[in-house]
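Chemist: Take a look at the following structure, please.
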Amino acid sequence: MNNIATLLHTIIFTPTFNALMYLEKIIPGHDLGVAIIIVTLIIRAILYIPSLAAIKSSRQLQEIQPMDKALQVKYKDNPQQLAQERMKLYKDHKVNPAASCLPIVIQILVFYQLYRVFLNGLKLTDAGFLQPDHIKELYGPLRDYFMTHAVNARFLNVIDLRATKNIFLAILAGATQFWQTKMLAAPKEPNIEGAKDESVTAATNRTMTYVLPFMTAFITFRFPAGLALYWSFSSIFTIAQQYLFLRRHPLPKITTTV
């Protein structure tokens, strides 16, 4: 476990932290908030393909939900046959329910490292300098620079990125999270006599759509504003990605034919 943590620290934390501090150094006004936004967009661009796979998998599951519901009616008294027919349905439509799991795991690992990056980047001394332990994480030239230069942790000279309980950024993070999940929410399924009232996928989507944004707002409200800024722009990038995908792959007309 320690080896994995060390590996993640080496390949994600260290280069990302250095990129963040490098951008803070060269950006006019040395705005750490702008640096966070740029790093966020770069990270999301790197994760574009894995996150696209998750979006595609979610949309495929939505497309076959009505057919899956019809199977529940047809084989309601034969759970074993239902399971076999459901697997056949997945195979025929080239749907892999687990396809979205790996991208999510990857993004969670990356998010945790980014959380540490932004949190460490915001833990400054009273004079505004990086803590000695954090300076050690920087590469040579950057280490020398930040030993004598303070960090500008005020976004647009207005928002203190080190401060917690920033209601504006917390609401922004929650709202963008809601928009992101709402875009992929499945439409209301047709009522079919004998089928369950709501599929597991539909129930999960509904819960994520309305509960996750509140959790996001609550978490980002409790943590430094810099993390909320990262979360908001990460969601905005995902919204744009989903919009482009859904324009090319609109949800077909609902049918219950199997």
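By convention in this document, the chains of the structure tokens carry letters A, B, ... by their order, each chain's residues are numbered from 1, and ligands are numbered from 1 in the order they are shown.
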With only C-alpha atoms as the counted atoms, please give the residues lying no more than 8 Å from A:Ala173, apart from itself and same-chain residues fewer than 3 positions off, as an mmCIF file with all heavy atoms, in the first residue's frame.

Modeler:
```cif
data_model
loop_
_atom_site.group_PDB
_atom_site.id
_atom_site.type_symbol
_atom_site.label_atom_id
_atom_site.label_comp_id
_atom_site.auth_asym_id
_atom_site.auth_seq_id
_atom_site.Cartn_x
_atom_site.Cartn_y
_atom_site.Cartn_z
ATOM 1 N N LEU A 169 -18.403 30.029 -4.061
ATOM 2 C CA LEU A 169 -17.757 28.933 -4.772
ATOM 3 C C LEU A 169 -18.385 27.588 -4.402
ATOM 4 O O LEU A 169 -18.430 26.675 -5.239
ATOM 5 C CB LEU A 169 -16.258 28.914 -4.461
ATOM 6 C CG LEU A 169 -15.437 30.022 -5.124
ATOM 7 C CD1 LEU A 169 -13.966 29.918 -4.725
ATOM 8 C CD2 LEU A 169 -15.567 29.963 -6.644
ATOM 9 N N ALA A 170 -18.891 27.444 -3.177
ATOM 10 C CA ALA A 170 -19.561 26.201 -2.784
ATOM 11 C C ALA A 170 -20.840 26.005 -3.603
ATOM 12 O O ALA A 170 -21.126 24.900 -4.083
ATOM 13 C CB ALA A 170 -19.884 26.220 -1.293
ATOM 14 N N THR A 176 -22.761 23.288 -10.651
ATOM 15 C CA THR A 176 -22.132 22.657 -11.815
ATOM 16 C C THR A 176 -22.171 21.134 -11.693
ATOM 17 O O THR A 176 -22.313 20.423 -12.698
ATOM 18 C CB THR A 176 -20.678 23.128 -11.982
ATOM 19 O OG1 THR A 176 -19.959 22.947 -10.750
ATOM 20 C CG2 THR A 176 -20.625 24.594 -12.383
ATOM 21 N N GLN A 177 -22.084 20.617 -10.464
ATOM 22 C CA GLN A 177 -22.204 19.174 -10.246
ATOM 23 C C GLN A 177 -23.613 18.703 -10.614
ATOM 24 O O GLN A 177 -23.799 17.647 -11.230
ATOM 25 C CB GLN A 177 -21.908 18.824 -8.798
ATOM 26 C CG GLN A 177 -21.954 17.338 -8.496
ATOM 27 C CD GLN A 177 -20.833 16.578 -9.177
ATOM 28 O OE1 GLN A 177 -19.666 16.846 -8.941
ATOM 29 N NE2 GLN A 177 -21.188 15.629 -10.027
ATOM 30 N N PRO A 213 -24.996 16.854 -5.665
ATOM 31 C CA PRO A 213 -24.708 18.297 -5.650
ATOM 32 C C PRO A 213 -24.705 18.898 -4.243
ATOM 33 O O PRO A 213 -23.879 19.765 -3.939
ATOM 34 C CB PRO A 213 -25.836 18.885 -6.507
ATOM 35 C CG PRO A 213 -26.219 17.780 -7.429
ATOM 36 C CD PRO A 213 -26.086 16.536 -6.606
ATOM 37 N N THR A 216 -21.525 17.865 -2.628
ATOM 38 C CA THR A 216 -20.430 18.643 -3.202
ATOM 39 C C THR A 216 -20.367 20.038 -2.590
ATOM 40 O O THR A 216 -19.292 20.508 -2.197
ATOM 41 C CB THR A 216 -20.605 18.757 -4.728
ATOM 42 O OG1 THR A 216 -20.573 17.453 -5.313
ATOM 43 C CG2 THR A 216 -19.502 19.616 -5.337
ATOM 44 N N ALA A 217 -21.512 20.695 -2.527
ATOM 45 C CA ALA A 217 -21.563 22.044 -1.950
ATOM 46 C C ALA A 217 -21.119 22.032 -0.490
ATOM 47 O O ALA A 217 -20.370 22.912 -0.038
ATOM 48 C CB ALA A 217 -22.976 22.612 -2.081
ATOM 49 N N THR A 220 -17.188 21.326 -0.315
ATOM 50 C CA THR A 220 -16.382 22.460 -0.768
ATOM 51 C C THR A 220 -16.558 23.674 0.146
ATOM 52 O O THR A 220 -15.677 24.537 0.213
ATOM 53 C CB THR A 220 -16.738 22.844 -2.210
ATOM 54 O OG1 THR A 220 -18.167 23.026 -2.329
ATOM 55 C CG2 THR A 220 -16.307 21.755 -3.186
ATOM 56 N N ALA A 228 -12.717 24.279 -4.063
ATOM 57 C CA ALA A 228 -14.012 24.531 -4.700
ATOM 58 C C ALA A 228 -13.821 25.077 -6.113
ATOM 59 O O ALA A 228 -14.584 24.760 -7.033
ATOM 60 C CB ALA A 228 -14.827 25.514 -3.862
ATOM 61 N N LEU A 229 -12.810 25.908 -6.281
ATOM 62 C CA LEU A 229 -12.511 26.456 -7.598
ATOM 63 C C LEU A 229 -12.120 25.335 -8.558
ATOM 64 O O LEU A 229 -12.586 25.287 -9.702
ATOM 65 C CB LEU A 229 -11.380 27.478 -7.501
ATOM 66 C CG LEU A 229 -11.044 28.259 -8.765
ATOM 67 C CD1 LEU A 229 -12.194 29.162 -9.173
ATOM 68 C CD2 LEU A 229 -9.774 29.084 -8.562
ATOM 69 N N TRP A 231 -12.946 22.131 -8.287
ATOM 70 C CA TRP A 231 -14.108 21.266 -8.497
ATOM 71 C C TRP A 231 -15.056 21.896 -9.517
ATOM 72 O O TRP A 231 -15.580 21.212 -10.406
ATOM 73 C CB TRP A 231 -14.834 21.051 -7.171
ATOM 74 C CG TRP A 231 -15.695 19.824 -7.132
ATOM 75 C CD1 TRP A 231 -16.550 19.368 -8.100
ATOM 76 C CD2 TRP A 231 -15.779 18.875 -6.060
ATOM 77 N NE1 TRP A 231 -17.155 18.218 -7.704
ATOM 78 C CE2 TRP A 231 -16.709 17.881 -6.454
ATOM 79 C CE3 TRP A 231 -15.186 18.789 -4.815
ATOM 80 C CZ2 TRP A 231 -17.050 16.814 -5.637
ATOM 81 C CZ3 TRP A 231 -15.534 17.725 -4.005
ATOM 82 C CH2 TRP A 231 -16.442 16.749 -4.403
ATOM 83 N N SER A 232 -15.286 23.204 -9.393
ATOM 84 C CA SER A 232 -16.222 23.891 -10.288
ATOM 85 C C SER A 232 -15.749 23.837 -11.729
ATOM 86 O O SER A 232 -16.534 23.504 -12.646
ATOM 87 C CB SER A 232 -16.389 25.351 -9.852
ATOM 88 O OG SER A 232 -16.940 25.429 -8.543
ATOM 89 N N SER A 235 -15.955 20.379 -13.251
ATOM 90 C CA SER A 235 -17.329 20.060 -13.651
ATOM 91 C C SER A 235 -17.705 20.789 -14.935
ATOM 92 O O SER A 235 -18.375 20.225 -15.808
ATOM 93 C CB SER A 235 -18.311 20.428 -12.527
ATOM 94 O OG SER A 235 -18.119 19.622 -11.394
#
```

Chemist: Taking only stretch 128-245 of chain A into account, list the residues labelled helix (DSSP H, G or I) by DSSP (computed from the backbone), as number ranges by chain.

Modeler: A: 132-135, 140-146, 167-183, 200-222, 225-245

Chemist: How many Å separate atom CA of A:Phe223 from atom CA of A:Leu138?

Modeler: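 Taking atom CA of A:Phe223 and atom CA of A:Leu138, their separation equals 23.8 Å.
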
Chemist: Between A:Phe146, A:Phe111, A:Tyr230, A:Phe214, which is the closest to A:Gly128 once you count only C-alpha atoms?

Modeler: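 The answer is A:Phe146, which sits nearest to A:Gly128.
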